[in-house]
file entry_4.cif (mmCIF, C-alpha atoms)
data_final
#
loop_
_atom_site.label_atom_id
_atom_site.label_comp_id
_atom_site.auth_asym_id
_atom_site.auth_seq_id
_atom_site.Cartn_x
_atom_site.Cartn_y
_atom_site.Cartn_z
CA MET A 1 -94.71 164.72 -49.71
CA ALA A 2 -98.30 163.48 -50.20
CA GLN A 3 -97.85 163.58 -53.98
CA LYS A 4 -94.64 161.61 -53.68
CA GLU A 5 -96.36 158.90 -51.65
CA GLN A 6 -99.26 158.69 -54.08
CA SER A 7 -96.99 158.33 -57.08
CA SER A 8 -94.83 155.65 -55.47
CA GLY A 9 -97.70 153.65 -53.93
CA SER A 10 -97.70 152.34 -50.38
CA ILE A 11 -94.85 153.32 -48.06
CA PHE A 12 -94.56 149.60 -47.27
CA THR A 13 -94.09 148.42 -50.89
CA ASP A 14 -90.45 147.41 -50.49
CA LEU A 15 -91.18 145.56 -47.25
CA ASP A 16 -94.13 143.70 -48.72
CA ASP A 17 -92.08 142.53 -51.69
CA GLY A 18 -88.79 141.60 -50.07
CA SER A 19 -89.41 140.49 -46.48
CA THR A 20 -89.78 136.85 -45.49
CA ASP A 21 -89.72 137.06 -41.68
CA GLU A 22 -93.25 138.01 -40.63
CA GLU A 23 -92.31 139.15 -37.09
CA VAL A 24 -89.40 141.30 -38.27
CA ASP A 25 -91.56 142.65 -41.09
CA LYS A 26 -94.25 143.69 -38.59
CA TRP A 27 -91.79 145.73 -36.52
CA ARG A 28 -90.22 147.29 -39.60
CA ARG A 29 -93.63 148.32 -40.89
CA THR A 30 -94.49 149.88 -37.53
CA LEU A 31 -91.20 151.81 -37.43
CA ARG A 32 -91.72 152.93 -41.04
CA LEU A 33 -95.22 154.18 -40.21
CA TRP A 34 -94.01 156.18 -37.20
CA ARG A 35 -91.07 157.60 -39.14
CA GLU A 36 -93.27 158.78 -42.01
CA THR A 37 -95.80 160.24 -39.57
CA LEU A 38 -93.11 162.19 -37.71
CA ARG A 39 -91.60 163.40 -40.99
CA ASP A 40 -94.99 164.66 -42.16
CA HIS A 41 -95.61 166.48 -38.86
CA TRP A 42 -92.13 168.00 -38.90
CA GLY A 43 -92.69 169.37 -42.40
CA LYS A 44 -95.98 171.01 -41.40
CA LEU A 45 -94.60 172.31 -38.12
CA THR A 46 -91.56 174.03 -39.62
CA ASP A 47 -93.66 176.00 -42.11
CA GLU A 48 -94.31 178.63 -39.43
CA LEU A 49 -91.60 181.23 -38.84
CA SER A 50 -92.61 181.70 -35.20
CA VAL A 51 -92.27 177.95 -34.60
CA LYS A 52 -88.83 177.90 -36.22
CA LEU A 53 -87.66 180.78 -34.02
CA SER A 54 -89.10 179.04 -30.95
CA MET A 55 -87.27 175.84 -31.81
CA LEU A 56 -84.04 177.77 -32.27
CA THR A 57 -84.59 179.40 -28.88
CA VAL A 58 -85.11 176.04 -27.17
CA ALA A 59 -82.11 174.60 -29.02
CA GLY A 60 -80.01 177.56 -27.88
CA PHE A 61 -80.95 176.98 -24.26
CA ALA A 62 -80.24 173.26 -24.69
CA ILE A 63 -76.72 174.04 -25.97
CA ILE A 64 -76.14 176.35 -23.01
CA ALA A 65 -77.31 173.63 -20.62
CA ILE A 66 -75.06 170.98 -22.17
CA PHE A 67 -71.96 173.16 -22.22
CA ALA A 68 -72.68 175.03 -18.97
CA PRO A 69 -69.31 174.15 -17.34
CA TYR A 70 -67.49 175.70 -20.31
CA ILE A 71 -69.72 178.78 -20.62
CA ALA A 72 -69.99 179.73 -16.94
CA THR A 73 -67.07 181.69 -15.53
CA HIS A 74 -67.48 180.31 -11.97
CA GLN A 75 -69.27 177.56 -10.10
CA PRO A 76 -72.87 178.67 -9.39
CA LEU A 77 -72.54 178.27 -5.61
CA GLU A 78 -68.93 179.43 -5.36
CA ARG A 79 -68.81 182.47 -3.09
CA GLN A 80 -66.61 185.10 -4.72
CA TYR A 81 -66.07 187.21 -1.63
CA GLN A 82 -67.26 187.77 1.92
CA GLY A 83 -69.20 190.97 2.44
CA ASP A 84 -70.51 192.79 5.50
CA ALA A 85 -73.69 190.95 6.51
CA GLU A 86 -75.10 194.11 8.07
CA VAL A 87 -74.83 196.21 4.91
CA ILE A 88 -76.59 194.26 2.22
CA GLN A 89 -76.20 196.76 -0.61
CA ASP A 90 -72.42 196.93 -0.08
CA LYS A 91 -72.19 193.21 -0.84
CA TRP A 92 -73.36 193.56 -4.43
CA VAL A 93 -71.01 194.01 -7.33
CA GLU A 94 -72.58 195.78 -10.30
CA PRO A 95 -72.44 194.17 -13.76
CA ALA A 96 -69.49 194.73 -16.04
CA LEU A 97 -72.10 195.21 -18.80
CA LEU A 98 -73.03 198.50 -17.14
CA GLY A 99 -69.43 199.66 -17.18
CA ALA A 100 -68.59 198.66 -13.63
CA ASP A 101 -64.97 197.86 -12.89
CA SER A 102 -65.50 194.18 -12.14
CA GLU A 103 -64.89 190.76 -13.62
CA TYR A 104 -68.55 189.72 -13.30
CA LEU A 105 -70.56 190.09 -16.49
CA LEU A 106 -73.94 190.34 -14.73
CA GLY A 107 -72.62 191.31 -11.34
CA THR A 108 -73.04 189.27 -8.16
CA THR A 109 -75.76 188.44 -5.68
CA ALA A 110 -75.88 189.73 -2.12
CA GLU A 111 -74.31 186.43 -1.08
CA GLY A 112 -71.35 186.88 -3.39
CA PHE A 113 -72.38 184.46 -6.13
CA ASP A 114 -71.75 185.18 -9.81
CA ILE A 115 -75.15 185.86 -11.42
CA PHE A 116 -74.05 184.95 -14.96
CA SER A 117 -72.84 181.53 -13.81
CA GLN A 118 -76.06 180.90 -11.88
CA LEU A 119 -78.08 181.93 -14.94
CA VAL A 120 -76.17 179.48 -17.15
CA TYR A 121 -76.48 176.55 -14.74
CA GLY A 122 -80.12 177.44 -14.08
CA THR A 123 -80.82 176.50 -17.71
CA ARG A 124 -80.08 172.86 -16.84
CA ALA A 125 -82.66 172.77 -14.07
CA ALA A 126 -85.33 174.47 -16.20
CA LEU A 127 -84.88 172.15 -19.18
CA MET A 128 -84.61 169.04 -17.01
CA VAL A 129 -87.86 169.82 -15.21
CA GLY A 130 -89.63 170.89 -18.40
CA LEU A 131 -88.54 168.03 -20.65
CA ILE A 132 -88.82 165.16 -18.16
CA ALA A 133 -92.21 166.32 -16.89
CA ALA A 134 -93.49 166.88 -20.46
CA VAL A 135 -92.32 163.48 -21.75
CA PHE A 136 -93.87 161.55 -18.87
CA THR A 137 -97.10 163.54 -18.68
CA ALA A 138 -97.68 163.36 -22.44
CA GLY A 139 -96.70 159.68 -22.54
CA ILE A 140 -98.83 158.62 -19.57
CA GLY A 141 -101.76 160.75 -20.69
CA THR A 142 -101.64 159.34 -24.22
CA LEU A 143 -101.44 155.74 -23.02
CA VAL A 144 -104.32 156.18 -20.57
CA GLY A 145 -106.41 158.00 -23.17
CA LEU A 146 -105.81 155.35 -25.84
CA VAL A 147 -106.66 152.48 -23.50
CA ALA A 148 -109.77 154.22 -22.12
CA GLY A 149 -111.01 155.26 -25.56
CA TYR A 150 -110.39 151.93 -27.27
CA TYR A 151 -111.72 149.54 -24.62
CA GLY A 152 -114.51 151.74 -23.26
CA GLY A 153 -116.89 150.26 -20.70
CA LYS A 154 -115.61 149.66 -17.17
CA VAL A 155 -112.01 150.36 -18.16
CA ASP A 156 -113.01 153.77 -19.51
CA ASP A 157 -115.14 154.55 -16.44
CA ALA A 158 -112.37 153.64 -13.99
CA LEU A 159 -109.67 155.65 -15.76
CA MET A 160 -111.88 158.69 -16.32
CA ARG A 161 -113.01 158.74 -12.68
CA LEU A 162 -109.33 158.88 -11.73
CA VAL A 163 -108.88 161.79 -14.15
CA ASP A 164 -111.93 163.54 -12.66
CA PHE A 165 -110.45 163.12 -9.17
CA LEU A 166 -107.15 164.68 -10.29
CA TYR A 167 -109.02 167.55 -11.95
CA GLY A 168 -110.31 168.47 -8.50
CA MET A 169 -106.76 169.34 -7.48
CA PRO A 170 -105.41 172.72 -8.67
CA LEU A 171 -101.96 172.35 -10.21
CA LEU A 172 -99.69 174.79 -8.38
CA PRO A 173 -101.19 174.54 -4.85
CA THR A 174 -101.16 170.73 -5.04
CA VAL A 175 -97.56 170.68 -6.30
CA ILE A 176 -96.60 172.97 -3.42
CA ILE A 177 -98.26 170.65 -0.89
CA LEU A 178 -96.66 167.52 -2.37
CA VAL A 179 -93.21 169.09 -2.45
CA ALA A 180 -93.63 170.35 1.12
CA VAL A 181 -94.53 166.81 2.24
CA LEU A 182 -91.91 164.96 0.15
CA GLY A 183 -89.16 167.52 0.69
CA PRO A 184 -87.69 170.43 -1.35
CA ASN A 185 -86.00 168.43 -4.07
CA LEU A 186 -85.93 168.90 -7.85
CA TRP A 187 -86.99 165.30 -8.45
CA ASN A 188 -89.91 165.70 -6.07
CA ILE A 189 -91.05 168.74 -8.04
CA ILE A 190 -90.88 166.71 -11.26
CA LEU A 191 -92.78 163.82 -9.62
CA ALA A 192 -95.51 166.15 -8.37
CA LEU A 193 -95.91 167.66 -11.84
CA ILE A 194 -96.12 164.24 -13.49
CA VAL A 195 -98.78 163.07 -11.01
CA LEU A 196 -101.08 165.95 -11.98
CA GLN A 197 -100.29 167.10 -15.52
CA TRP A 198 -101.20 163.95 -17.48
CA ARG A 199 -104.91 164.40 -16.76
CA SER A 200 -105.54 166.93 -19.56
CA THR A 201 -103.72 164.84 -22.17
CA ALA A 202 -105.61 161.70 -21.15
CA ARG A 203 -109.02 163.30 -21.49
CA VAL A 204 -108.36 164.77 -24.94
CA ILE A 205 -106.69 161.62 -26.29
CA ARG A 206 -109.56 159.53 -24.96
CA SER A 207 -112.13 161.61 -26.86
CA GLN A 208 -110.11 161.23 -30.06
CA SER A 209 -109.75 157.48 -29.53
CA LEU A 210 -113.51 157.12 -29.10
CA SER A 211 -113.95 158.67 -32.54
CA LEU A 212 -111.12 156.76 -34.20
CA ARG A 213 -112.23 153.32 -33.02
CA GLU A 214 -115.42 153.71 -35.08
CA ARG A 215 -113.53 154.44 -38.30
CA PRO A 216 -113.65 151.86 -41.11
CA PHE A 217 -109.89 151.15 -41.02
CA VAL A 218 -110.07 150.20 -37.34
CA LYS A 219 -113.13 148.00 -37.90
CA ALA A 220 -111.36 146.34 -40.82
CA ALA A 221 -108.34 145.60 -38.61
CA GLU A 222 -110.60 144.06 -35.96
CA VAL A 223 -112.34 141.88 -38.55
CA ALA A 224 -108.93 140.79 -39.87
CA GLY A 225 -108.06 139.51 -36.39
CA ALA A 226 -105.51 142.18 -35.43
CA SER A 227 -104.58 142.26 -31.75
CA ASP A 228 -105.60 145.12 -29.49
CA TRP A 229 -101.98 146.28 -29.19
CA HIS A 230 -101.61 146.19 -32.99
CA ILE A 231 -104.67 148.38 -33.45
CA ILE A 232 -103.67 150.83 -30.71
CA SER A 233 -100.04 151.18 -31.86
CA ARG A 234 -100.59 151.06 -35.62
CA HIS A 235 -103.98 152.70 -36.16
CA LEU A 236 -104.84 154.86 -33.14
CA ALA A 237 -101.52 156.18 -31.79
CA PRO A 238 -100.17 157.69 -35.05
CA ASN A 239 -103.45 159.57 -35.53
CA VAL A 240 -103.37 161.14 -32.05
CA LEU A 241 -99.65 161.94 -32.20
CA PRO A 242 -100.13 165.67 -33.03
CA MET A 243 -102.32 166.06 -29.94
CA THR A 244 -99.67 164.29 -27.84
CA PHE A 245 -96.98 166.67 -29.06
CA LEU A 246 -99.34 169.61 -28.55
CA TYR A 247 -99.84 168.82 -24.87
CA GLY A 248 -96.18 167.88 -24.51
CA SER A 249 -95.17 171.36 -25.71
CA PHE A 250 -97.60 173.01 -23.33
CA GLY A 251 -96.37 170.66 -20.59
CA ILE A 252 -92.82 171.99 -20.94
CA ALA A 253 -94.03 175.56 -20.44
CA TRP A 254 -96.30 174.75 -17.49
CA ALA A 255 -93.60 172.66 -15.80
CA ILE A 256 -91.03 175.47 -16.02
CA LEU A 257 -93.56 177.97 -14.64
CA ALA A 258 -94.54 175.61 -11.83
CA GLU A 259 -90.92 174.96 -10.84
CA ALA A 260 -90.23 178.70 -10.80
CA GLY A 261 -93.32 179.28 -8.66
CA VAL A 262 -92.47 176.54 -6.18
CA SER A 263 -88.86 177.73 -5.91
CA PHE A 264 -89.95 181.35 -5.55
CA ILE A 265 -91.81 180.59 -2.33
CA GLY A 266 -88.77 178.80 -0.90
CA LEU A 267 -89.50 175.14 -1.72
CA GLY A 268 -86.88 174.78 -4.43
CA ASP A 269 -83.95 172.39 -4.21
CA PRO A 270 -81.35 174.11 -1.98
CA ASN A 271 -78.54 172.17 -3.64
CA THR A 272 -79.50 173.13 -7.21
CA VAL A 273 -79.46 176.55 -8.81
CA SER A 274 -82.52 177.29 -10.92
CA TRP A 275 -84.06 180.46 -12.26
CA GLY A 276 -86.78 180.11 -9.63
CA THR A 277 -84.29 179.92 -6.75
CA MET A 278 -82.51 182.99 -8.18
CA LEU A 279 -85.80 184.92 -8.05
CA GLN A 280 -86.46 183.67 -4.53
CA ALA A 281 -83.02 184.78 -3.33
CA SER A 282 -83.42 188.22 -4.93
CA ARG A 283 -86.76 188.64 -3.14
CA ALA A 284 -85.29 187.51 0.19
CA TYR A 285 -82.54 190.15 -0.06
CA SER A 286 -84.92 192.89 -1.34
CA ALA A 287 -83.03 193.32 -4.59
CA LEU A 288 -85.91 195.31 -6.08
CA SER A 289 -85.88 197.79 -3.20
CA PHE A 290 -82.15 198.40 -3.63
CA GLY A 291 -82.38 198.65 -7.41
CA ALA A 292 -80.27 195.54 -8.09
CA TRP A 293 -82.32 194.65 -11.18
CA TRP A 294 -79.47 192.64 -12.69
CA TRP A 295 -80.21 189.92 -10.13
CA PHE A 296 -83.88 189.21 -10.97
CA VAL A 297 -84.41 190.54 -14.51
CA PRO A 298 -82.15 188.03 -16.39
CA PRO A 299 -83.78 184.88 -14.91
CA GLY A 300 -87.19 186.41 -15.50
CA ILE A 301 -86.35 187.03 -19.16
CA CYS A 302 -85.04 183.47 -19.56
CA ILE A 303 -88.20 181.99 -18.03
CA GLY A 304 -90.31 184.14 -20.33
CA LEU A 305 -88.38 183.19 -23.47
CA LEU A 306 -88.50 179.47 -22.77
CA VAL A 307 -92.15 179.44 -21.75
CA ILE A 308 -93.26 181.54 -24.75
CA SER A 309 -91.26 179.25 -27.06
CA GLY A 310 -93.04 176.21 -25.63
CA PHE A 311 -96.45 177.78 -26.16
CA LEU A 312 -95.61 178.88 -29.72
CA ILE A 313 -94.45 175.36 -30.61
CA GLY A 314 -97.71 174.10 -29.15
CA ARG A 315 -99.56 176.63 -31.28
CA GLY A 316 -97.88 175.13 -34.33
CA TYR A 317 -99.16 171.71 -33.36
CA GLU A 318 -102.64 173.16 -32.92
CA GLU A 319 -102.63 173.97 -36.62
CA ILE A 320 -101.80 170.34 -37.38
CA THR A 321 -104.58 169.02 -35.14
CA ASN A 322 -107.05 171.66 -36.39
CA PRO A 323 -106.46 172.52 -40.09
CA LYS A 324 -109.06 175.33 -39.84
CA LEU A 325 -106.45 177.40 -37.98
CA GLN A 326 -104.01 177.27 -40.91
#
call {"tool": "encode", "arguments": {"input": "entry_4.cif", "output": "structure tokens"}}
result
Amino acid sequence: MAQKEQSSGSIFTDLDDGSTDEEVDKWRRTLRLWRETLRDHWGKLTDELSVKLSMLTVAGFAIIAIFAPYIATHQPLERQYQGDAEVIQDKWVEPALLGADSEYLLGTTAEGFDIFSQLVYGTRAALMVGLIAAVFTAGIGTLVGLVAGYYGGKVDDALMRLVDFLYGMPLLPTVIILVAVLGPNLWNIILALIVLQWRSTARVIRSQSLSLRERPFVKAAEVAGASDWHIISRHLAPNVLPMTFLYGSFGIAWAILAEAGVSFIGLGDPNTVSWGTMLQASRAYSALSFGAWWWFVPPGICIGLLVISGFLIGRGYEEITNPKLQ
């Protein structure tokens, strides 16, 4: 792609020659720059087989989440039968996959819920927490880092002291406290993750911005009278984009793990089925002691697959940000 750009000149050649509206031209040039940057990153990222497989895994889970009502055989909180509350093990139905004479592919929980349906609907909660938390944490962290790194001085000191304060709070214990105070709700879990996770992104982006603002192309833009927003959006942001995506990918994995951890100790949303609440329910009913592995193994595998995929995609972005790893 680099050779193609060199042979055809600037990527803005057609806009420079044919545009007469300066304001429209400015926005079109910005969009063109971001599009070419993303295309270049996508080409480098998809060179790795492990990254491709990870993306396919995430895409597969996304399809399951979107079409959950059509894939699941029952509603996740629809009780299939009423068992004897005093005999827990008699309330389970073994999976049809193991040859049991039942209509439940992965069996049922001790409460009479279809495990396969809960697993399918749990994908929605995992992806919602992971994606929303990652987008906001990466976005907020990048914005704070760019502003702190570009302006420096008192602005940098104030923002970095806030980051230092947040670094004094461990992620999972603080999320647990915030959710306990705000209430066991999926949106509260997401909010707690956003409040804490952007700190790492902000610090790294800030260090990169400090370096970039001393580059000749930034100095030239300042001398030419470019606005601060123009310099940040056109010259700094595209150059830190790989680092933003890197921490966004890691953010998805950490958010899913945090939600599972919070739900496992009983602070998950009682009105939403997630893989974490499935693990918590299996622990509460001593599924491991009774050998009902079909209750806790499938959600554990799904959490592992999605988290590993997020970290492998992040590893691909590490090779973009650090060419020595290629």
call {"tool": "resolve_selection", "arguments": {"input": "entry_4.cif", "expression": "the PyMOL selection byres ((chain A and resi 258) around 12)", "output": "PyMOL selection string"}}
result
chain A and resi 126+129-130+133+170-176+179+186+189-190+192-194+196-197+251-257+259-265+267-268+275-276+303+307
call {"tool": "atom_distance", "arguments": {"input": "entry_4.cif", "atom1": "atom CA of A:Leu105", "atom2": "atom CA of A:Val93"}}
result
10.0 Å
call {"tool": "atom_distance", "arguments": {"input": "entry_4.cif", "atom1": "atom CA of A:Gly60", "atom2": "atom CA of A:Pro270"}}
result
26.2 Å
call {"tool": "resolve_selection", "arguments": {"input": "entry_4.cif", "expression": "the PyMOL selection byres ((chain A and resi 115) around 12)", "output": "PyMOL selection string"}}
result
chain A and resi 72-80+92-96+103-114+116-122+273-275+277-279+281-282+292-299
call {"tool": "residues_around", "arguments": {"input": "entry_4.cif", "residues": "stretch 144-151 of chain A", "least_positions_apart": "2", "cutoff": "8 Å", "atoms": "only C-alpha atoms", "output": "ChimeraX atom specification"}}
result
/A:140-142,153,155-157,159-160,201-210,213,232,236-237
call {"tool": "atom_distance", "arguments": {"input": "entry_4.cif", "atom1": "atom CA of A:Trp229", "atom2": "atom CA of A:Tyr167"}}
result
28.3 Å
